[in-house]
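> Here's a structure for you.
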Amino acid sequence: MLWIIAAIFSAFFAGLTSILAKCGIKKTDSDLATALRTVVVLIFSWVMVFVVGSAGTITDISAGSLVFLVLSGLATGASWICYFKALSMGDINKVVPIDKSSTVLTVLLAIICFGETSNLLIKLIATVILAVGIFLMVEKKKSENNETGRSWIIYAVLAAVFAALTSILAKVGITDVESNLGTAIRTGVVLIMSWIIVFSRGKHTQIKNLDKKELAFIALSGIATGASWLCYYYAIQTGMVSVVVPIDKLSIIVTVAFSGIVFKEKLSAKAVAGLGLMVAGTLLMAFFK
């Protein structure tokens, strides 16, 4: 049951990531912030690889596992870029629920791809409850700029789709690979992808003008992400994807709590009901795994 504990810690650190990242992209471009965060995550990941002593097994990774780890890294990079773009444009309490909708797609893919059909009816009921909860939490963002008001939703949806693909691809990629090493390799792919985007868009010139306070929050969000990833990929390697992913998405509780304290973002009664359904669906899936 250690994988369930790891999934819970993954949720906690993921919740902190959203808050810290939001603090770091008030004035900093979201693509640049993503690239900088990835540097921190990569360092954190490789430190853990050497701590657990799995660096020597890198030559034992099969070509198939390596391909899926790379694909998972690409999906992660795409998800991050879309997610933090959405965060820079919309409220956390509105962006995060859409991002968490990746749970629904991931659970369905896990059932199809990995045959995780134990308690199938309960999983499907829980998935429907999650979907209804997400729908209730997503509210239209009031904005004077109608185009901006619509754009954050598109980015959030794309982030969710890529996040779902990430979990499935990673599950295949780390089947025979130590989870910390797999995380480090995937992070390297994300790093390359994110910096290619930064340089292709000419945003690297903004580095010299970075706000030091925001840079500190970006670094902290990177550390939180690294901790979340290490716990998450250990959990999906040793546990059931269709259970781990919903537990990980409970990070929304941490995010909502801190967003109310830090950014004074309040939930409507409808959104509170949606959050309750998301939690209920997640717990139902976890208890009847």
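In the structure tokens, each chain is lettered A, B, ... as it comes, each chain's residues begin at 1, and ligands are numbered from 1 in order of appearance.
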What lies within 8 Å of segment 36-46 of chain A using only C-alpha atoms, ignoring chain neighbours under 3 positions off, as a JSON list (two decimals) with N, CA and C atoms, in the first residue's frame?


[["chain", "number", "residue", "atom", "x", "y", "z"],
["A", 32, "LEU", "N", 8.79, 30.92, -20.50],
["A", 32, "LEU", "CA", 10.10, 31.07, -19.88],
["A", 32, "LEU", "C", 10.09, 30.50, -18.47],
["A", 33, "ALA", "N", 9.00, 30.74, -17.75],
["A", 33, "ALA", "CA", 8.88, 30.22, -16.38],
["A", 33, "ALA", "C", 8.89, 28.69, -16.40],
["A", 49, "VAL", "N", 18.24, 10.31, -8.30],
["A", 49, "VAL", "CA", 18.75, 9.13, -9.00],
["A", 49, "VAL", "C", 20.04, 8.64, -8.35],
["A", 50, "PHE", "N", 20.94, 9.59, -8.06],
["A", 50, "PHE", "CA", 22.22, 9.21, -7.45],
["A", 50, "PHE", "C", 22.05, 8.82, -5.99],
["A", 180, "ASN", "N", 12.72, 6.67, -10.29],
["A", 180, "ASN", "CA", 13.47, 7.94, -10.20],
["A", 180, "ASN", "C", 14.26, 8.20, -11.48],
["A", 181, "LEU", "N", 14.88, 7.14, -12.01],
["A", 181, "LEU", "CA", 15.65, 7.27, -13.25],
["A", 181, "LEU", "C", 14.72, 7.61, -14.41],
["A", 183, "THR", "N", 11.91, 9.20, -14.24],
["A", 183, "THR", "CA", 11.49, 10.60, -14.06],
["A", 183, "THR", "C", 12.57, 11.55, -14.56],
["A", 184, "ALA", "N", 13.83, 11.24, -14.25],
["A", 184, "ALA", "CA", 14.95, 12.10, -14.65],
["A", 184, "ALA", "C", 15.08, 12.15, -16.17],
["A", 187, "THR", "N", 12.28, 14.18, -17.63],
["A", 187, "THR", "CA", 12.48, 15.61, -17.35],
["A", 187, "THR", "C", 13.48, 16.22, -18.33],
["A", 188, "GLY", "N", 14.48, 15.43, -18.72],
["A", 188, "GLY", "CA", 15.45, 15.92, -19.70],
["A", 188, "GLY", "C", 14.78, 16.24, -21.03],
["A", 190, "VAL", "N", 11.59, 17.09, -21.39],
["A", 190, "VAL", "CA", 10.78, 18.29, -21.15],
["A", 190, "VAL", "C", 11.66, 19.54, -21.20],
["A", 191, "LEU", "N", 12.87, 19.44, -20.62],
["A", 191, "LEU", "CA", 13.80, 20.58, -20.60],
["A", 191, "LEU", "C", 14.14, 21.01, -22.02],
["A", 194, "SER", "N", 11.03, 22.57, -23.77],
["A", 194, "SER", "CA", 10.63, 23.89, -23.26],
["A", 194, "SER", "C", 11.60, 24.99, -23.68],
["A", 218, "ILE", "N", 9.46, 30.54, -8.85],
["A", 218, "ILE", "CA", 9.58, 29.58, -9.94],
["A", 218, "ILE", "C", 10.47, 28.41, -9.50],
["A", 219, "ALA", "N", 11.57, 28.73, -8.81],
["A", 219, "ALA", "CA", 12.47, 27.69, -8.32],
["A", 219, "ALA", "C", 11.77, 26.79, -7.30],
["A", 221, "SER", "N", 8.58, 26.26, -7.08],
["A", 221, "SER", "CA", 7.57, 25.45, -7.77],
["A", 221, "SER", "C", 8.24, 24.28, -8.49],
["A", 222, "GLY", "N", 9.47, 24.49, -8.95],
["A", 222, "GLY", "CA", 10.22, 23.41, -9.57],
["A", 222, "GLY", "C", 10.56, 22.31, -8.58],
["A", 223, "ILE", "N", 10.94, 22.70, -7.37],
["A", 223, "ILE", "CA", 11.24, 21.72, -6.32],
["A", 223, "ILE", "C", 9.98, 20.94, -5.95],
["A", 225, "THR", "N", 7.41, 20.44, -7.86],
["A", 225, "THR", "CA", 7.09, 19.58, -9.00],
["A", 225, "THR", "C", 7.96, 18.33, -8.98],
["A", 226, "GLY", "N", 9.25, 18.51, -8.70],
["A", 226, "GLY", "CA", 10.15, 17.37, -8.64],
["A", 226, "GLY", "C", 9.72, 16.36, -7.59],
["A", 230, "LEU", "N", 8.40, 12.49, -8.40],
["A", 230, "LEU", "CA", 9.07, 11.31, -7.85],
["A", 230, "LEU", "C", 8.06, 10.40, -7.15]]

> What's the 8 Å shell around Leu284 of chain A, counting only C-alpha atoms, without same-chain residues fewer than 3 positions away, as a list in words?

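Contacts, with the query itself left out: Ile122, Lys123, Ala126, Ala280, Gly281, Phe287 and Phe288 of chain A.
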
> Excluding Ile58 of chain A and its own-chain neighbours fewer than 6 positions away, which residues fall within 10 Å of it when counting only C-alpha atoms? Please give them as a short mmCIF file (atom, residue, chain, number, x, y, z; two decimals) with all heavy atoms, in the first residue's frame.


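The file below, out10.cif, is the result:
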data_model
loop_
_atom_site.label_atom_id
_atom_site.label_comp_id
_atom_site.auth_asym_id
_atom_site.auth_seq_id
_atom_site.Cartn_x
_atom_site.Cartn_y
_atom_site.Cartn_z
N LEU A 66 12.67 3.36 -23.55
CA LEU A 66 13.22 4.69 -23.80
C LEU A 66 12.31 5.51 -24.71
O LEU A 66 12.09 6.70 -24.47
CB LEU A 66 14.61 4.57 -24.42
CG LEU A 66 15.40 5.88 -24.58
CD1 LEU A 66 15.60 6.54 -23.21
CD2 LEU A 66 16.75 5.61 -25.23
N VAL A 177 11.95 0.11 -15.61
CA VAL A 177 12.94 1.14 -15.29
C VAL A 177 12.69 1.67 -13.88
O VAL A 177 11.54 1.87 -13.49
CB VAL A 177 12.84 2.32 -16.30
CG1 VAL A 177 13.89 3.38 -15.99
CG2 VAL A 177 12.99 1.81 -17.73
N GLU A 178 13.76 1.88 -13.11
CA GLU A 178 13.62 2.44 -11.76
C GLU A 178 12.91 3.79 -11.89
O GLU A 178 13.27 4.61 -12.74
CB GLU A 178 15.01 2.60 -11.12
CG GLU A 178 14.99 2.75 -9.61
CD GLU A 178 14.71 4.17 -9.18
OE1 GLU A 178 15.16 5.10 -9.88
OE2 GLU A 178 14.04 4.35 -8.15
N LEU A 181 14.88 7.14 -12.01
CA LEU A 181 15.65 7.27 -13.25
C LEU A 181 14.72 7.61 -14.41
O LEU A 181 15.04 8.46 -15.25
CB LEU A 181 16.41 5.97 -13.54
CG LEU A 181 17.25 5.94 -14.81
CD1 LEU A 181 18.29 7.05 -14.80
CD2 LEU A 181 17.91 4.58 -14.97
N GLY A 182 13.56 6.95 -14.46
CA GLY A 182 12.59 7.24 -15.50
C GLY A 182 12.12 8.69 -15.45
O GLY A 182 11.99 9.35 -16.48
N ILE A 185 14.93 11.00 -16.82
CA ILE A 185 15.03 10.94 -18.29
C ILE A 185 13.90 11.74 -18.93
O ILE A 185 14.11 12.52 -19.86
CB ILE A 185 15.00 9.48 -18.77
CG1 ILE A 185 16.26 8.74 -18.32
CG2 ILE A 185 14.86 9.42 -20.30
CD1 ILE A 185 16.24 7.26 -18.60
#

> Could you tell me which of A:Asp99, A:Asp29, A:Asp60, A:Asp176 comes closest to Leu215 of chain A if we count only C-alpha atoms?

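Using only C-alpha atoms, the shortest distance to Leu215 of chain A belongs to A:Asp29.
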
> Please list as a count of residues only every residue within 12 Å of Thr127 of chain A, counting only C-alpha atoms and excluding residues in the same chain fewer than 6 positions away.

28

> Taking a cut-off of 10 Å and counting only C-alpha atoms, can you build a table that, for each residue of segment 238-265 of chain A near segment 157-173 of chain A, reports the nearest atom pair and how far apart they are in Å (one decimal), sorted by chain then residue number, as a tab-separated table?


residue	atom	partner	partner_atom	distance
A:Thr238	CA	A:Lys171	CA	9.5
A:Gly239	CA	A:Lys171	CA	9.9
A:Met240	CA	A:Lys171	CA	9.5
A:Val241	CA	A:Ser167	CA	7.6
A:Ser242	CA	A:Ser167	CA	9.9
A:Val244	CA	A:Ser167	CA	9.9
A:Val245	CA	A:Ser167	CA	8.0

> Under the rule of at most 7 Å, produce a per-residue listing of segment 50-125 of chain A near segment 251-271 of chain A: chain, number, name, the closest pair of atoms, and the distance in Å, as a Markdown table, using only C-alpha atoms.


| residue | atom | partner | partner_atom | distance |
| --- | --- | --- | --- | --- |
| A:Ile92 | CA | A:Ser259 | CA | 6.9 |
| A:Asn93 | CA | A:Val256 | CA | 6.2 |
| A:Val96 | CA | A:Ile252 | CA | 6.9 |

> Go ahead and dump the residues you just picked, all heavy atoms, as an mmCIF file, in the first residue's frame.


data_model
loop_
_atom_site.group_PDB
_atom_site.id
_atom_site.type_symbol
_atom_site.label_atom_id
_atom_site.label_comp_id
_atom_site.auth_asym_id
_atom_site.auth_seq_id
_atom_site.Cartn_x
_atom_site.Cartn_y
_atom_site.Cartn_z
ATOM 1 N N ILE A 92 -6.816 30.416 -10.801
ATOM 2 C CA ILE A 92 -6.417 29.053 -10.440
ATOM 3 C C ILE A 92 -7.643 28.175 -10.237
ATOM 4 O O ILE A 92 -7.687 27.026 -10.682
ATOM 5 C CB ILE A 92 -5.563 29.059 -9.146
ATOM 6 C CG1 ILE A 92 -4.184 29.657 -9.431
ATOM 7 C CG2 ILE A 92 -5.403 27.646 -8.595
ATOM 8 C CD1 ILE A 92 -3.277 29.682 -8.231
ATOM 9 N N ASN A 93 -8.645 28.702 -9.526
ATOM 10 C CA ASN A 93 -9.839 27.913 -9.205
ATOM 11 C C ASN A 93 -10.632 27.513 -10.434
ATOM 12 O O ASN A 93 -11.508 26.641 -10.362
ATOM 13 C CB ASN A 93 -10.750 28.704 -8.255
ATOM 14 C CG ASN A 93 -10.208 28.731 -6.851
ATOM 15 O OD1 ASN A 93 -9.355 27.922 -6.487
ATOM 16 N ND2 ASN A 93 -10.671 29.672 -6.060
ATOM 17 N N VAL A 96 -7.467 24.934 -12.769
ATOM 18 C CA VAL A 96 -7.108 23.639 -12.188
ATOM 19 C C VAL A 96 -8.183 22.570 -12.389
ATOM 20 O O VAL A 96 -7.862 21.436 -12.750
ATOM 21 C CB VAL A 96 -6.755 23.793 -10.693
ATOM 22 C CG1 VAL A 96 -6.563 22.432 -10.034
ATOM 23 C CG2 VAL A 96 -5.483 24.619 -10.537
#

> Could you check the closest approach to Phe114 of chain A for each of A:Gly73, A:Trp80, A:Phe9, A:Thr175 and tell me which residue wins, using only C-alpha atoms?

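The answer is A:Thr175, which sits nearest to Phe114 of chain A.
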
> Rounded to one decimal place, report the atom CA of Trp3 of chain A-atom CA of Ala273 of chain A distance in Å.

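Here the two named atoms are 29.0 Å from each other.
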
> May I have all residues of segment 85-285 of chain A that DSSP, computed from the backbone, assigns to alpha helix (DSSP H), given as an MDAnalysis selection string?

chainID A and resid 85:89 92:100 102:114 120:137 146:173 179:200 212:238 241:248 251:262 269:285

> Neighbours of segment 197-206 of chain A within 7 Å (only C-alpha atoms; same-chain residues fewer than 4 positions away dropped), as a list of chain:residue names?

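Selected residues are A:Asp31, A:Leu32, A:Met193, A:Leu210.
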
> Would you export the selected residues with all heavy atoms as a PDB file, in the first residue's frame, please?


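The result, written out as selection_37.pdb:
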ATOM      1  N   ASP A  31       6.016  30.634 -20.750  1.00  0.00           N
ATOM      2  CA  ASP A  31       6.914  29.679 -21.414  1.00  0.00           C
ATOM      3  C   ASP A  31       8.303  29.711 -20.786  1.00  0.00           C
ATOM      4  O   ASP A  31       8.925  28.663 -20.552  1.00  0.00           O
ATOM      5  CB  ASP A  31       7.029  29.999 -22.911  1.00  0.00           C
ATOM      6  CG  ASP A  31       5.749  29.700 -23.671  1.00  0.00           C
ATOM      7  OD1 ASP A  31       4.970  28.835 -23.213  1.00  0.00           O
ATOM      8  OD2 ASP A  31       5.515  30.331 -24.717  1.00  0.00           O
ATOM      9  N   LEU A  32       8.793  30.920 -20.503  1.00  0.00           N
ATOM     10  CA  LEU A  32      10.105  31.073 -19.880  1.00  0.00           C
ATOM     11  C   LEU A  32      10.095  30.499 -18.469  1.00  0.00           C
ATOM     12  O   LEU A  32      11.046  29.822 -18.052  1.00  0.00           O
ATOM     13  CB  LEU A  32      10.493  32.554 -19.843  1.00  0.00           C
ATOM     14  CG  LEU A  32      11.858  32.876 -19.213  1.00  0.00           C
ATOM     15  CD1 LEU A  32      12.976  32.144 -19.940  1.00  0.00           C
ATOM     16  CD2 LEU A  32      12.106  34.387 -19.240  1.00  0.00           C
ATOM     17  N   MET A 193      12.553  20.402 -24.818  1.00  0.00           N
ATOM     18  CA  MET A 193      11.347  20.894 -25.499  1.00  0.00           C
ATOM     19  C   MET A 193      11.004  22.321 -25.071  1.00  0.00           C
ATOM     20  O   MET A 193      10.716  23.189 -25.907  1.00  0.00           O
ATOM     21  CB  MET A 193      10.180  19.965 -25.206  1.00  0.00           C
ATOM     22  CG  MET A 193       8.883  20.369 -25.866  1.00  0.00           C
ATOM     23  SD  MET A 193       7.545  19.217 -25.452  1.00  0.00           S
ATOM     24  CE  MET A 193       6.168  19.976 -26.305  1.00  0.00           C
ATOM     25  N   LEU A 210      14.352  39.367 -15.338  1.00  0.00           N
ATOM     26  CA  LEU A 210      13.484  38.612 -14.439  1.00  0.00           C
ATOM     27  C   LEU A 210      13.418  39.233 -13.046  1.00  0.00           C
ATOM     28  O   LEU A 210      14.426  39.687 -12.504  1.00  0.00           O
ATOM     29  CB  LEU A 210      13.987  37.172 -14.312  1.00  0.00           C
ATOM     30  CG  LEU A 210      13.739  36.231 -15.510  1.00  0.00           C
ATOM     31  CD1 LEU A 210      14.419  34.902 -15.255  1.00  0.00           C
ATOM     32  CD2 LEU A 210      12.247  36.039 -15.720  1.00  0.00           C
TER      33      LEU A 210
END

> Fewer than 6 positions away in the same chain doesn't count, so skip those; otherwise give me all residues within 7 Å of segment 84-89 of chain A, counting only C-alpha atoms, as a PyMOL selection string.

chain A and resi 22+25-26+30+95+152+155-156

> With only C-alpha atoms as the atoms that count, which of A:Tyr232, A:Lys249, A:Gly276, A:Thr117 lies nearest to Ala7 of chain A?

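Of A:Tyr232, A:Lys249, A:Gly276, A:Thr117, the one nearest Ala7 of chain A, counting only C-alpha atoms, is A:Tyr232.
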
> So, counting only C-alpha atoms, which residue among A:Ala235, A:Ser179, A:Ala35, A:Gly115 is closest to Ser54 of chain A?

A:Ser179

> To one decimal place in Å, what is the distance between atom CA of Asp91 of chain A and atom CA of Ile19 of chain A?

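Pair atom CA of Asp91 of chain A / atom CA of Ile19 of chain A returns 10.9 Å.
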
> Identify which of the residues A:Thr59, A:Thr34, A:Ser18, A:Asn209 lies closest to Trp195 of chain A, counting only C-alpha atoms when measuring atom-to-atom distances.

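Ranking A:Thr59, A:Thr34, A:Ser18, A:Asn209 by distance to Trp195 of chain A, first place goes to A:Thr34.
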